[in-house]
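Everything on this sheet refers to the single structure shown next.
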Amino acid sequence: DVKVTQSSRYLVKRTGEKVFLECVQDMDHENMFWYRQDPGLGLRLIYFSYDVKMKEKGDIPEGYSVSREKKERFSLILESASTNQTSMYLCASSTPGTGGNTIYFGEGSWLTVV
Amino acid sequence: DQQVKQNSPSLSVQEGRISILNCDYTNSMFDYFLWYKKYPAEGPTFLISISSIKDKNEDGRFTVFLNKSAKHLSLHIVPSQPGDSAVYFCAASLYNFNKFYFGSGTKLNVKP
């Protein structure tokens, strides 16, 4: 069965802290993604990676960085957390486009920055 | 600018009736479309998809219709059940391209 696991479901961090969100997938997928979900704004792409050590900016990369040292693991890093980064963060993975690829999501990480 | 739009933030339907969720897109190059369902505090789960070579795809109570000329797709749920109450996202992608574009979601409430 398809599995994308996000290590932390609920986190509370202080402004200015460095935050790591970890994600692991067991489907041998090449592509991995980080989204954030906010009410009324839907799912917005932060970063994605199509191969180990490769990354591309999404629509809202400011304030974030990512790391992909192994194929199955994709980390999102908030260099200096701010209150406007309070959100639900979703990790996802997919295979490269073959005219029908599906994206699979983890359960999400709720981050509150105080 | 959003390339995939869901203009109705919410929809309320009586149990047993039909739910119709709508989605519009702007990029005519999109060739694969998906619908996801999301419960609170959970990640989105895949529901149904359709390729641009089709205009309809059915899976049980769920049917997706695609109108390429209007750049519009819709999800029909018949009959609607209270357990269908969730946020529904539509998404679009390009053949052999690795990005997915999501709408802002429609919150469906099915009343018993």
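Chain labels A, B, ... are given in the sequence in which chains occur in the structure tokens; within each chain residues are numbered consecutively from 1, and ligands are likewise numbered from 1 in the order shown.
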
Margin query: List as a PyMOL selection string the protein and nucleic acid residues near Ser87 of chain A, meaning an atom at most 8 Å away when only C-alpha atoms are counted, but skip any in the same chain fewer than 3 places from it.
Written below: chain A and resi 36-38+84+110-112

Checklist line | Contacts of Ala81 of chain A at 8 Å (only C-alpha atoms; same-chain gap of 3+ positions) as a ChimeraX atom specification | finding: /A:13-19,63,78,85,113

Check: Interatomic distance between atom CA of Lys68 of chain B and atom CA of Tyr50 of chain A?
Finding: 28.7 Å

Margin query: Quick check: residues of chain A within 12 Å of chain B, only C-alpha atoms, returned as JSON, numbers by chain.
Written below: {"A": [2, 3, 4, 5, 6, 9, 10, 29, 30, 31, 32, 33, 34, 35, 36, 37, 38, 39, 40, 41, 42, 43, 44, 45, 46, 47, 48, 49, 50, 51, 55, 56, 57, 58, 59, 87, 88, 89, 90, 91, 92, 93, 94, 95, 96, 97, 98, 99, 100, 101, 102, 103, 104, 105, 106, 107, 108, 109, 110, 111]}

Next item on the list: Kindly indicate which residue among A:Met27, A:Leu11, A:Val114, A:Val52 lies nearest to Phe74 of chain A, using only C-alpha atoms for the distances.
Entry: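 Checking each candidate against Phe74 of chain A, we get A:Val52 as the closest.
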